[in-house]
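S.K.: One file is attached below, final.pdb, containing PDB, C-alpha atoms.
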```
ATOM      1  CA  MET A 180    -111.627 102.883 100.328
ATOM      2  CA  LYS A 181    -111.185 102.238 104.067
ATOM      3  CA  ARG A 182    -112.868  98.822 103.695
ATOM      4  CA  LEU A 183    -110.559  97.941 100.815
ATOM      5  CA  LEU A 184    -107.529  98.871 102.893
ATOM      6  CA  VAL A 185    -108.746  96.666 105.770
ATOM      7  CA  LEU A 186    -109.298  93.754 103.411
ATOM      8  CA  ALA A 187    -105.892  94.262 101.836
ATOM      9  CA  ALA A 188    -104.235  94.336 105.256
ATOM     10  CA  ALA A 189    -106.037  91.136 106.269
ATOM     11  CA  ALA A 190    -104.978  89.416 103.052
ATOM     12  CA  THR A 191    -101.389  90.526 103.611
ATOM     13  CA  ALA A 192    -101.451  89.155 107.166
ATOM     14  CA  ILE A 193    -102.834  85.811 105.984
ATOM     15  CA  PHE A 194    -100.206  85.571 103.260
ATOM     16  CA  ALA A 195     -97.440  86.437 105.717
ATOM     17  CA  HIS A 196     -98.684  83.793 108.147
ATOM     18  CA  ALA A 197     -98.784  81.175 105.399
ATOM     19  CA  GLN A 198     -95.246  82.081 104.396
ATOM     20  CA  THR A 199     -93.912  81.606 107.940
ATOM     21  CA  PHE A 200     -96.135  78.692 109.021
ATOM     22  CA  PRO A 201     -95.617  76.830 111.265
ATOM     23  CA  GLY A 202     -92.960  79.049 112.815
ATOM     24  CA  SER A 203     -91.969  78.383 116.425
ATOM     25  CA  LYS A 204     -95.518  77.858 117.699
ATOM     26  CA  PRO A 205     -96.384  74.150 118.211
ATOM     27  CA  ILE A 206     -99.085  72.450 116.166
ATOM     28  CA  SER A 207    -101.587  70.809 118.480
ATOM     29  CA  ILE A 208    -103.345  67.674 117.264
ATOM     30  CA  VAL A 209    -106.480  67.341 119.375
ATOM     31  CA  VAL A 210    -107.617  63.772 119.979
ATOM     32  CA  PRO A 211    -111.214  63.747 121.281
ATOM     33  CA  PHE A 212    -110.619  60.568 123.294
ATOM     34  CA  ALA A 213    -108.505  59.461 126.243
ATOM     35  CA  ALA A 214    -104.776  58.794 125.967
ATOM     36  CA  GLY A 215    -103.723  55.245 125.179
ATOM     37  CA  GLY A 216    -106.633  54.320 122.921
ATOM     38  CA  PRO A 217    -106.435  53.456 119.206
ATOM     39  CA  THR A 218    -107.127  57.023 117.996
ATOM     40  CA  ASP A 219    -104.533  58.425 120.392
ATOM     41  CA  ARG A 220    -101.949  55.971 119.077
ATOM     42  CA  VAL A 221    -102.692  56.982 115.485
ATOM     43  CA  ALA A 222    -102.293  60.651 116.425
ATOM     44  CA  ARG A 223     -98.940  60.129 118.133
ATOM     45  CA  ASP A 224     -97.609  58.074 115.215
ATOM     46  CA  LEU A 225     -98.818  60.710 112.751
ATOM     47  CA  ALA A 226     -97.384  63.594 114.780
ATOM     48  CA  GLU A 227     -93.921  62.065 114.569
ATOM     49  CA  ALA A 228     -94.253  61.249 110.861
ATOM     50  CA  MET A 229     -95.480  64.775 110.047
ATOM     51  CA  ARG A 230     -92.709  66.335 112.101
ATOM     52  CA  LYS A 231     -90.244  64.490 109.872
ATOM     53  CA  SER A 232     -92.170  65.322 106.705
ATOM     54  CA  MET A 233     -92.002  69.042 107.551
ATOM     55  CA  GLY A 234     -88.239  68.875 107.856
ATOM     56  CA  GLY A 235     -88.152  68.384 111.596
ATOM     57  CA  GLY A 236     -88.753  72.082 112.214
ATOM     58  CA  ALA A 237     -92.391  71.720 113.227
ATOM     59  CA  ASN A 238     -93.212  70.933 116.833
ATOM     60  CA  PHE A 239     -96.291  68.693 117.122
ATOM     61  CA  VAL A 240     -98.075  67.971 120.396
ATOM     62  CA  VAL A 241    -101.004  65.633 120.983
ATOM     63  CA  GLU A 242    -103.753  66.991 123.219
ATOM     64  CA  ASN A 243    -106.397  64.611 124.600
ATOM     65  CA  VAL A 244    -109.747  66.351 125.084
ATOM     66  CA  ASN A 245    -112.092  63.450 125.698
ATOM     67  CA  GLY A 246    -115.743  63.251 126.676
ATOM     68  CA  ALA A 247    -119.242  63.113 125.199
ATOM     69  CA  GLY A 248    -118.328  60.628 122.492
ATOM     70  CA  GLY A 249    -115.626  62.832 121.017
ATOM     71  CA  THR A 250    -117.812  65.920 120.638
ATOM     72  CA  ILE A 251    -116.041  68.021 123.299
ATOM     73  CA  GLY A 252    -112.690  67.802 121.539
ATOM     74  CA  ALA A 253    -114.258  68.390 118.128
ATOM     75  CA  THR A 254    -116.082  71.465 119.455
ATOM     76  CA  LYS A 255    -112.825  72.867 120.816
ATOM     77  CA  VAL A 256    -111.172  72.647 117.401
ATOM     78  CA  ALA A 257    -114.218  74.057 115.593
ATOM     79  CA  ARG A 258    -113.947  77.156 117.809
ATOM     80  CA  ALA A 259    -110.150  77.466 117.702
ATOM     81  CA  ALA A 260    -108.239  80.150 115.815
ATOM     82  CA  PRO A 261    -108.059  79.177 112.121
ATOM     83  CA  ASP A 262    -104.300  79.474 111.844
ATOM     84  CA  GLY A 263    -103.264  75.840 111.327
ATOM     85  CA  HIS A 264    -101.908  75.435 114.856
ATOM     86  CA  THR A 265    -104.935  73.520 116.186
ATOM     87  CA  LEU A 266    -105.953  70.384 114.290
ATOM     88  CA  LEU A 267    -108.431  67.587 114.978
ATOM     89  CA  LEU A 268    -107.765  63.909 114.426
ATOM     90  CA  HIS A 269    -111.092  62.095 114.529
ATOM     91  CA  HIS A 270    -112.538  58.742 113.489
ATOM     92  CA  ILE A 271    -115.952  57.633 112.165
ATOM     93  CA  GLY A 272    -117.514  59.609 115.022
ATOM     94  CA  MET A 273    -117.176  62.640 112.746
ATOM     95  CA  ALA A 274    -119.910  61.041 110.617
ATOM     96  CA  SER A 275    -122.071  59.469 113.326
ATOM     97  CA  ALA A 276    -122.246  62.471 115.685
ATOM     98  CA  PRO A 277    -124.760  64.494 113.594
ATOM     99  CA  SER A 278    -127.282  61.664 114.005
ATOM    100  CA  LEU A 279    -126.402  60.531 117.540
ATOM    101  CA  TYR A 280    -126.444  64.081 118.963
ATOM    102  CA  ARG A 281    -129.547  66.069 118.141
ATOM    103  CA  LYS A 282    -128.069  69.212 119.755
ATOM    104  CA  LEU A 283    -124.553  69.050 118.370
ATOM    105  CA  ALA A 284    -122.467  72.183 119.041
ATOM    106  CA  TYR A 285    -120.800  72.072 115.634
ATOM    107  CA  LYS A 286    -121.577  71.103 112.050
ATOM    108  CA  PRO A 287    -119.055  68.576 110.692
ATOM    109  CA  LEU A 288    -119.480  69.642 107.078
ATOM    110  CA  GLU A 289    -119.500  73.395 107.726
ATOM    111  CA  ASP A 290    -117.225  74.139 110.672
ATOM    112  CA  PHE A 291    -114.022  72.430 109.519
ATOM    113  CA  GLU A 292    -111.506  72.426 106.717
ATOM    114  CA  TYR A 293    -110.828  68.873 105.556
ATOM    115  CA  LEU A 294    -107.138  67.987 105.351
ATOM    116  CA  GLY A 295    -107.143  64.335 104.234
ATOM    117  CA  MET A 296    -107.823  60.775 105.342
ATOM    118  CA  ILE A 297    -105.210  58.829 107.299
ATOM    119  CA  ASN A 298    -106.151  55.164 107.695
ATOM    120  CA  GLU A 299    -108.928  52.611 107.829
ATOM    121  CA  VAL A 300    -109.460  49.668 110.180
ATOM    122  CA  PRO A 301    -111.564  46.737 108.938
ATOM    123  CA  MET A 302    -114.154  45.173 111.224
ATOM    124  CA  THR A 303    -115.091  41.567 111.894
ATOM    125  CA  LEU A 304    -118.333  39.885 112.865
ATOM    126  CA  ILE A 305    -117.552  37.510 115.717
ATOM    127  CA  GLY A 306    -119.448  35.168 118.014
ATOM    128  CA  LYS A 307    -118.929  33.346 121.280
ATOM    129  CA  PRO A 308    -116.954  30.085 120.954
ATOM    130  CA  GLN A 309    -119.973  27.955 121.872
ATOM    131  CA  LEU A 310    -122.012  28.961 118.804
ATOM    132  CA  PRO A 311    -122.737  25.905 116.634
ATOM    133  CA  ALA A 312    -122.244  27.753 113.317
ATOM    134  CA  ASN A 313    -118.818  27.588 111.651
ATOM    135  CA  ASN A 314    -119.363  29.819 108.604
ATOM    136  CA  TYR A 315    -121.291  32.980 107.848
ATOM    137  CA  ARG A 316    -124.200  31.352 106.013
ATOM    138  CA  ASP A 317    -124.837  28.911 108.848
ATOM    139  CA  PHE A 318    -124.403  31.757 111.305
ATOM    140  CA  GLU A 319    -127.065  33.921 109.648
ATOM    141  CA  ASN A 320    -129.432  30.942 109.465
ATOM    142  CA  TYR A 321    -128.813  30.299 113.155
ATOM    143  CA  ILE A 322    -129.682  33.924 113.943
ATOM    144  CA  ARG A 323    -132.976  33.658 112.107
ATOM    145  CA  ALA A 324    -133.845  30.273 113.623
ATOM    146  CA  ASN A 325    -133.253  31.658 117.111
ATOM    147  CA  ALA A 326    -134.879  35.058 116.720
ATOM    148  CA  GLY A 327    -135.602  36.621 120.087
ATOM    149  CA  LYS A 328    -133.239  34.290 121.978
ATOM    150  CA  LEU A 329    -129.857  35.864 121.161
ATOM    151  CA  ASN A 330    -128.051  39.055 122.093
ATOM    152  CA  ILE A 331    -125.424  41.318 120.546
ATOM    153  CA  ALA A 332    -122.892  43.306 122.556
ATOM    154  CA  HIS A 333    -121.354  46.697 121.918
ATOM    155  CA  ALA A 334    -118.905  48.964 123.724
ATOM    156  CA  GLY A 335    -121.289  51.876 124.227
ATOM    157  CA  LEU A 336    -123.526  54.212 122.265
ATOM    158  CA  GLY A 337    -121.701  55.509 119.199
ATOM    159  CA  SER A 338    -118.796  53.071 119.517
ATOM    160  CA  ALA A 339    -117.427  51.198 116.521
ATOM    161  CA  SER A 340    -119.094  47.988 117.700
ATOM    162  CA  HIS A 341    -122.407  49.795 118.182
ATOM    163  CA  LEU A 342    -122.402  51.304 114.672
ATOM    164  CA  CYS A 343    -121.336  48.039 113.074
ATOM    165  CA  GLY A 344    -124.007  46.090 114.929
ATOM    166  CA  LEU A 345    -126.692  48.551 113.855
ATOM    167  CA  MET A 346    -125.574  48.422 110.218
ATOM    168  CA  TRP A 347    -125.452  44.634 110.137
ATOM    169  CA  GLN A 348    -128.809  44.077 111.863
ATOM    170  CA  SER A 349    -130.416  46.563 109.492
ATOM    171  CA  ALA A 350    -128.827  44.892 106.455
ATOM    172  CA  ILE A 351    -130.150  41.429 107.327
ATOM    173  CA  LYS A 352    -133.454  42.913 108.564
ATOM    174  CA  ALA A 353    -132.961  41.397 112.000
ATOM    175  CA  ASN A 354    -133.333  44.469 114.217
ATOM    176  CA  ASP A 355    -135.814  42.629 116.441
ATOM    177  CA  ALA A 356    -134.119  39.225 116.259
ATOM    178  CA  MET A 357    -131.723  39.868 119.147
ATOM    179  CA  THR A 358    -131.331  41.930 122.295
ATOM    180  CA  THR A 359    -128.682  44.646 122.284
ATOM    181  CA  ILE A 360    -126.469  44.728 125.380
ATOM    182  CA  PRO A 361    -124.311  47.853 125.844
ATOM    183  CA  PHE A 362    -121.116  47.817 127.902
ATOM    184  CA  SER A 363    -118.899  50.610 129.165
ATOM    185  CA  GLY A 364    -115.997  49.989 126.807
ATOM    186  CA  THR A 365    -114.602  47.347 124.503
ATOM    187  CA  ALA A 366    -112.801  45.266 127.151
ATOM    188  CA  PRO A 367    -115.898  44.330 129.209
ATOM    189  CA  ALA A 368    -117.915  43.666 126.050
ATOM    190  CA  MET A 369    -115.194  41.382 124.676
ATOM    191  CA  ASN A 370    -114.768  39.630 128.015
ATOM    192  CA  ALA A 371    -118.500  38.880 128.105
ATOM    193  CA  LEU A 372    -118.327  37.471 124.577
ATOM    194  CA  VAL A 373    -115.293  35.296 125.322
ATOM    195  CA  GLY A 374    -116.975  34.074 128.504
ATOM    196  CA  GLY A 375    -120.164  33.182 126.640
ATOM    197  CA  GLN A 376    -122.413  35.680 128.448
ATOM    198  CA  VAL A 377    -123.261  37.343 125.125
ATOM    199  CA  ASP A 378    -123.658  35.741 121.716
ATOM    200  CA  LEU A 379    -122.057  38.041 119.162
ATOM    201  CA  MET A 380    -120.404  41.356 118.444
ATOM    202  CA  CYS A 381    -119.009  43.303 115.511
ATOM    203  CA  ASP A 382    -115.830  45.252 116.185
ATOM    204  CA  GLN A 383    -112.642  46.555 114.600
ATOM    205  CA  THR A 384    -109.736  44.222 113.943
ATOM    206  CA  THR A 385    -107.657  46.229 116.414
ATOM    207  CA  ASN A 386    -109.780  44.607 119.124
ATOM    208  CA  THR A 387    -110.729  41.281 117.538
ATOM    209  CA  THR A 388    -107.622  39.890 115.822
ATOM    210  CA  GLY A 389    -105.924  38.671 118.988
ATOM    211  CA  GLN A 390    -109.094  36.958 120.189
ATOM    212  CA  ILE A 391    -109.632  35.260 116.822
ATOM    213  CA  GLU A 392    -106.020  34.100 116.610
ATOM    214  CA  ALA A 393    -106.196  32.643 120.128
ATOM    215  CA  GLY A 394    -109.427  30.796 119.320
ATOM    216  CA  ARG A 395    -111.347  32.586 122.059
ATOM    217  CA  VAL A 396    -114.071  33.742 119.636
ATOM    218  CA  LYS A 397    -115.434  32.565 116.297
ATOM    219  CA  ALA A 398    -115.088  34.844 113.270
ATOM    220  CA  PHE A 399    -117.643  34.770 110.472
ATOM    221  CA  ALA A 400    -117.084  37.706 108.098
ATOM    222  CA  VAL A 401    -115.358  41.036 107.536
ATOM    223  CA  THR A 402    -117.143  44.316 106.897
ATOM    224  CA  THR A 403    -115.029  45.641 104.029
ATOM    225  CA  ALA A 404    -116.424  45.576 100.479
ATOM    226  CA  LYS A 405    -114.085  42.702  99.593
ATOM    227  CA  SER A 406    -112.433  39.973 101.626
ATOM    228  CA  LEU A 407    -109.048  40.820 103.145
ATOM    229  CA  SER A 408    -106.902  38.691 100.840
ATOM    230  CA  GLY A 409    -103.701  40.307 102.070
ATOM    231  CA  ASN A 410    -104.372  39.560 105.739
ATOM    232  CA  LYS A 411    -102.861  36.225 106.813
ATOM    233  CA  LEU A 412    -105.351  35.690 109.629
ATOM    234  CA  LEU A 413    -108.547  36.986 108.000
ATOM    235  CA  LYS A 414    -107.992  36.182 104.311
ATOM    236  CA  ASP A 415    -110.328  33.178 104.363
ATOM    237  CA  TYR A 416    -113.325  35.016 105.787
ATOM    238  CA  PRO A 417    -115.811  36.465 103.265
ATOM    239  CA  SER A 418    -116.971  40.056 103.241
ATOM    240  CA  LEU A 419    -120.597  40.678 104.146
ATOM    241  CA  GLN A 420    -121.091  42.183 100.691
ATOM    242  CA  GLU A 421    -119.823  38.966  99.117
ATOM    243  CA  MET A 422    -122.364  37.103 101.255
ATOM    244  CA  GLY A 423    -125.218  39.046  99.712
ATOM    245  CA  LEU A 424    -125.450  42.219 101.811
ATOM    246  CA  LYS A 425    -125.335  44.569  98.854
ATOM    247  CA  GLY A 426    -123.368  47.777  99.424
ATOM    248  CA  PHE A 427    -122.187  46.802 102.906
ATOM    249  CA  ASP A 428    -118.836  48.500 103.456
ATOM    250  CA  LEU A 429    -117.926  49.737 106.921
ATOM    251  CA  THR A 430    -114.523  50.571 108.371
ATOM    252  CA  ILE A 431    -113.291  52.647 111.276
ATOM    253  CA  TRP A 432    -111.339  55.436 109.637
ATOM    254  CA  HIS A 433    -109.367  58.467 110.779
ATOM    255  CA  GLY A 434    -109.092  61.887 109.175
ATOM    256  CA  LEU A 435    -107.395  65.219 109.894
ATOM    257  CA  TYR A 436    -109.256  68.550 110.173
ATOM    258  CA  ALA A 437    -108.625  72.252 110.829
ATOM    259  CA  PRO A 438    -111.026  75.026 111.901
ATOM    260  CA  LYS A 439    -113.079  76.619 109.145
ATOM    261  CA  GLY A 440    -111.319  79.622 107.650
ATOM    262  CA  THR A 441    -107.793  78.269 107.880
ATOM    263  CA  PRO A 442    -105.873  79.932 104.997
ATOM    264  CA  PRO A 443    -105.697  77.838 101.791
ATOM    265  CA  ALA A 444    -101.905  78.086 101.712
ATOM    266  CA  VAL A 445    -101.692  76.649 105.232
ATOM    267  CA  ILE A 446    -104.163  73.882 104.348
ATOM    268  CA  ALA A 447    -102.034  73.003 101.325
ATOM    269  CA  GLN A 448     -98.884  72.911 103.448
ATOM    270  CA  ILE A 449    -100.448  70.625 106.054
ATOM    271  CA  ASN A 450    -101.957  68.400 103.370
ATOM    272  CA  ASN A 451     -98.598  68.048 101.625
ATOM    273  CA  ALA A 452     -96.943  67.125 104.927
ATOM    274  CA  LEU A 453     -99.707  64.599 105.604
ATOM    275  CA  LYS A 454     -99.284  62.921 102.209
ATOM    276  CA  VAL A 455     -95.534  62.584 102.748
ATOM    277  CA  ALA A 456     -96.135  61.178 106.260
ATOM    278  CA  LEU A 457     -98.545  58.560 104.914
ATOM    279  CA  LYS A 458     -95.719  57.182 102.751
ATOM    280  CA  ASP A 459     -93.279  56.958 105.648
ATOM    281  CA  PRO A 460     -92.334  53.238 105.986
ATOM    282  CA  GLU A 461     -92.098  53.515 109.769
ATOM    283  CA  PHE A 462     -95.575  55.077 110.003
ATOM    284  CA  ILE A 463     -97.016  52.407 107.705
ATOM    285  CA  LYS A 464     -95.457  49.660 109.820
ATOM    286  CA  LYS A 465     -96.903  51.124 113.018
ATOM    287  CA  GLN A 466    -100.366  51.327 111.462
ATOM    288  CA  GLU A 467    -100.160  47.736 110.295
ATOM    289  CA  GLY A 468     -99.347  46.842 113.886
ATOM    290  CA  LEU A 469    -102.689  48.407 114.859
ATOM    291  CA  GLY A 470    -104.510  46.403 112.188
ATOM    292  CA  ALA A 471    -104.994  49.558 110.125
ATOM    293  CA  VAL A 472    -104.478  50.182 106.421
ATOM    294  CA  VAL A 473    -102.965  53.539 105.449
ATOM    295  CA  VAL A 474    -105.098  55.408 102.903
ATOM    296  CA  THR A 475    -103.393  55.818  99.523
ATOM    297  CA  ASP A 476    -106.304  56.758  97.261
ATOM    298  CA  LYS A 477    -107.718  60.181  96.348
ATOM    299  CA  ARG A 478    -109.213  60.600  99.847
ATOM    300  CA  VAL A 479    -105.840  61.938 100.981
ATOM    301  CA  GLU A 480    -106.939  65.134  99.201
ATOM    302  CA  PRO A 481    -109.237  67.568 101.084
ATOM    303  CA  ALA A 482    -112.120  67.535  98.583
ATOM    304  CA  ALA A 483    -112.293  63.739  98.336
ATOM    305  CA  HIS A 484    -111.957  63.437 102.114
ATOM    306  CA  LYS A 485    -114.974  65.711 102.607
ATOM    307  CA  ALA A 486    -116.981  63.872  99.948
ATOM    308  CA  PHE A 487    -116.273  60.587 101.740
ATOM    309  CA  VAL A 488    -117.403  61.906 105.131
ATOM    310  CA  THR A 489    -120.531  63.362 103.518
ATOM    311  CA  ALA A 490    -121.381  59.900 102.172
ATOM    312  CA  GLU A 491    -120.656  58.278 105.555
ATOM    313  CA  ILE A 492    -123.042  60.703 107.294
ATOM    314  CA  SER A 493    -125.759  59.747 104.811
ATOM    315  CA  LYS A 494    -125.040  56.028 105.284
ATOM    316  CA  LEU A 495    -125.185  56.070 109.090
ATOM    317  CA  LYS A 496    -128.083  58.502 109.543
ATOM    318  CA  PRO A 497    -130.999  56.152 108.683
ATOM    319  CA  VAL A 498    -129.814  53.209 110.809
ATOM    320  CA  ILE A 499    -129.098  55.424 113.841
ATOM    321  CA  GLU A 500    -132.449  57.174 113.557
ATOM    322  CA  ALA A 501    -134.265  53.869 113.057
ATOM    323  CA  ALA A 502    -132.725  52.528 116.274
ATOM    324  CA  GLY A 503    -134.169  55.541 118.095
ATOM    325  CA  LYS A 504    -131.423  55.815 120.722
ATOM    326  CA  PHE A 505    -129.510  59.070 120.952
ATOM    327  CA  ALA A 506    -126.607  60.363 122.993
ATOM    328  CA  ASP A 507    -128.286  63.577 124.191
TER     329      ASP A 507
END
```
Could you spell out this file's structure in structure tokens?

M.R.:
Amino acid sequence: MKRLLVLAAAATAIFAHAQTFPGSKPISIVVPFAAGGPTDRVARDLAEAMRKSMGGGANFVVENVNGAGGTIGATKVARAAPDGHTLLLHHIGMASAPSLYRKLAYKPLEDFEYLGMINEVPMTLIGKPQLPANNYRDFENYIRANAGKLNIAHAGLGSASHLCGLMWQSAIKANDAMTTIPFSGTAPAMNALVGGQVDLMCDQTTNTTGQIEAGRVKAFAVTTAKSLSGNKLLKDYPSLQEMGLKGFDLTIWHGLYAPKGTPPAVIAQINNALKVALKDPEFIKKQEGLGAVVVTDKRVEPAAHKAFVTAEISKLKPVIEAAGKFAD
């Protein structure tokens, strides 16, 4: 009887919290990267849109907890009180971390409640301006004809450019055809590419569009399943899948998470606010300015969001393990 009374009291407390959520306590959106980066900008745009979608009564703050490839911030949220007041906004690193870190302090599929996807950023395969190839087919032939003589840059272990490069090299079975050169960040990697010190790179449109438009790099393909017909700058470039790399579909995406055990009623309230925010014209415009596409499909729902991340973990695991380079 005593146990039943304790359980009943706990259930009553959870219900009461859900009824008053968010109350006067601020909702912290933890960004596991430094301020000013693409993920931070998404979080700040979303915080404002969700504040409006919750009637303006909710107070959202963005907290940057960077380090260790995003795992420090994610760990903090996994261990936070499951009351809806501490959320995590994370990108594809949520799916790559289980393979890159062999001693990860949290389990992405077990230690979080999934709240919904936010956006996706396409990626582009680009080369230095001096490359003789002018289309993807010639580019791939050039890679094969010059096996062992070329190099591919990335912005660091686990970065978007690193994951994309691994996926692409694996897809064309050219893992040994070029030397991988890591840099400490996107800017030095891009500068080396523009200057001709490295031959190619694959990175998100957030970082590549300006360089392509200015003619400082050559673009060859996009990494989405289909070509970006709605993008004025990239509409004429084929997707890698269209060029014969069956099943190749890679974007840099963002999703929202809460600690495991967050009450279902609170999850539903946050998810509803998220879905309204994703339809906010101002939020959509800001995301387009980042080169991102706001998610509108079923992945805005928690179950579909989790299913998507589960599939992404399975997709990235073999190529990361085959490369044999880990972050711990």

S.K.: My list of candidates is A:Gly389, A:Gly440, A:Pro301, A:Pro277. Which is closest to Ser493 of chain A when distances are computed with only C-alpha atoms?

M.R.: A:Pro277

S.K.: Using all atoms listed in the file, pick whichever of A:Ala339, A:Ile431, A:Leu424, A:Val209 has the shortest atom-to-atom distance to Ala471 of chain A.

M.R.: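 Of A:Ala339, A:Ile431, A:Leu424, A:Val209, the one nearest Ala471 of chain A is A:Ile431, counting all atoms listed in the file.
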
S.K.: How far is it from atom CA of Leu453 of chain A to atom CA of Ser203 of chain A, in Å with one decimal?

M.R.: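 Separation of atom CA of Leu453 of chain A and atom CA of Ser203 of chain A: 19.2 Å.
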
S.K.: Could you spell out the hits of the PyMOL selection byres ((chain A and resi 500) around 12) on the shown file, as a ChimeraX atom specification?

M.R.: /A:275-281,342,345-346,349,492-499,501-506

S.K.: Just to confirm, what's the straight-line distance from atom CA of Gln448 of chain A to atom CA of Tyr293 of chain A in Å (one decimal)?

M.R.: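 Separation between atom CA of Gln448 of chain A and atom CA of Tyr293 of chain A: 12.8 Å.
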
S.K.: Got a sec: who's within 12 Å of Gly364 of chain A, counting all atoms listed in the file, leaving out chain neighbours fewer than 6 positions off, as a ChimeraX atom specification?

M.R.: /A:216,248,332-341,370-371,382,386

S.K.: Give me, as JSON lines, each residue of segment 349-388 of chain A that comes within 12 Å of segment 400-419 of chain A, together with its shortest interatomic pair and the distance in Å at one decimal, counting all atoms listed in the file, with rows ordered by chain and rising residue number.

M.R.:
```
{"residue": "A:Ala350", "atom": "CA", "partner": "A:Leu419", "partner_atom": "CA", "distance": 9.5}
{"residue": "A:Ile351", "atom": "CA", "partner": "A:Leu419", "partner_atom": "CA", "distance": 10.1}
{"residue": "A:Met380", "atom": "CA", "partner": "A:Ala400", "partner_atom": "CA", "distance": 11.5}
{"residue": "A:Cys381", "atom": "CA", "partner": "A:Thr402", "partner_atom": "CA", "distance": 8.9}
{"residue": "A:Asp382", "atom": "CA", "partner": "A:Thr402", "partner_atom": "CA", "distance": 9.4}
{"residue": "A:Gln383", "atom": "CA", "partner": "A:Thr402", "partner_atom": "CA", "distance": 9.2}
{"residue": "A:Thr384", "atom": "CA", "partner": "A:Val401", "partner_atom": "CA", "distance": 9.1}
{"residue": "A:Thr387", "atom": "CA", "partner": "A:Leu413", "partner_atom": "CA", "distance": 10.7}
{"residue": "A:Thr388", "atom": "CA", "partner": "A:Leu412", "partner_atom": "CA", "distance": 7.8}
```

S.K.: Using the chain letters and numbering of this document, enumerate as a PyMOL selection string the residues selected by the PyMOL selection byres ((chain A and resi 284) around 10).

M.R.: chain A and resi 250-251+253-255+257-258+277+280-283+285-287

S.K.: Could you jot down the atom CA of Thr359 of chain A to atom CA of Ile331 of chain A separation for me, Å, one decimal place?

M.R.: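 If I compute the distance from atom CA of Thr359 of chain A to atom CA of Ile331 of chain A, I get 5.0 Å.
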
S.K.: Which is closest to Gly434 of chain A among A:Leu225, A:Val377, A:Leu329, A:Val244, if we use all atoms listed in the file?

M.R.: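 Closest residue, counting all atoms listed in the file: A:Leu225.
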
S.K.: Running the PyMOL selection byres ((chain A and resi 315) around 9) on this model by hand, what would come out? Give it as a short mmCIF file (atom, residue, chain, number, x, y, z; two decimals) with C-alpha atoms, keeping the file's coordinate frame.

M.R.:
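Final output, saved to out13.cif:
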```cif
data_model
loop_
_atom_site.label_atom_id
_atom_site.label_comp_id
_atom_site.auth_asym_id
_atom_site.auth_seq_id
_atom_site.Cartn_x
_atom_site.Cartn_y
_atom_site.Cartn_z
CA ALA A 312 -122.24 27.75 113.32
CA ASN A 313 -118.82 27.59 111.65
CA ASN A 314 -119.36 29.82 108.60
CA ARG A 316 -124.20 31.35 106.01
CA ASP A 317 -124.84 28.91 108.85
CA PHE A 318 -124.40 31.76 111.30
CA GLU A 319 -127.06 33.92 109.65
CA ASN A 320 -129.43 30.94 109.46
CA ALA A 398 -115.09 34.84 113.27
CA PHE A 399 -117.64 34.77 110.47
CA ALA A 400 -117.08 37.71 108.10
CA TYR A 416 -113.32 35.02 105.79
CA PRO A 417 -115.81 36.47 103.26
CA LEU A 419 -120.60 40.68 104.15
CA MET A 422 -122.36 37.10 101.26
#
```

S.K.: For Glu299 of chain A, list every protein, DNA or RNA residue within 9 Å, evaluated using only C-alpha atoms, and leave out those in the same chain fewer than 6 positions away; present the list as number ranges by chain.

M.R.: A: 430-433, 470-474

S.K.: Which residue gives the smallest distance to Leu310 of chain A among A:Lys231, A:Lys397, A:His270, A:Arg323, with only C-alpha atoms counted?

M.R.: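 Selected residue with least distance to Leu310 of chain A: A:Lys397.
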
S.K.: Could you tell me, as a VMD selection string, which residues have any atom at most 7 Å from (-114.7, 71.3, 107.7), counting all atoms listed in the file?

M.R.: chain A and resid 287 to 293 436 to 439

S.K.: Would you list the contacts of Thr441 of chain A as JSON, numbers by chain, taking every protein, DNA or RNA residue within 12 Å and counting all atoms listed in the file, but skipping same-chain residues closer than 6 positions in sequence?

M.R.: {"A": [193, 194, 196, 197, 200, 256, 257, 258, 259, 260, 261, 262, 263, 264, 265, 266, 290, 291, 292, 293, 294, 447, 448, 449]}

S.K.: Could you tell me which of A:Leu429, A:Met273, A:Ile463, A:Ala226 comes closest to Met302 of chain A if we count only C-alpha atoms?

M.R.: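 Comparing A:Leu429, A:Met273, A:Ile463, A:Ala226 against Met302 of chain A, the winner is A:Leu429.
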
S.K.: Go through A:Asn325, A:Leu435, A:Gln348, A:Ala356 and flag the residue nearest Thr218 of chain A, using only C-alpha atoms for the distances.

M.R.: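 Closest to Thr218 of chain A, using only C-alpha atoms: A:Leu435.
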
S.K.: Extract, using all atoms listed in the file, all DNA, RNA and protein residues at most 8 Å from Arg395 of chain A, discarding same-chain residues fewer than 4 positions from it, and format them as a VMD selection string.

M.R.: chain A and resid 307 to 308 373 390 to 391
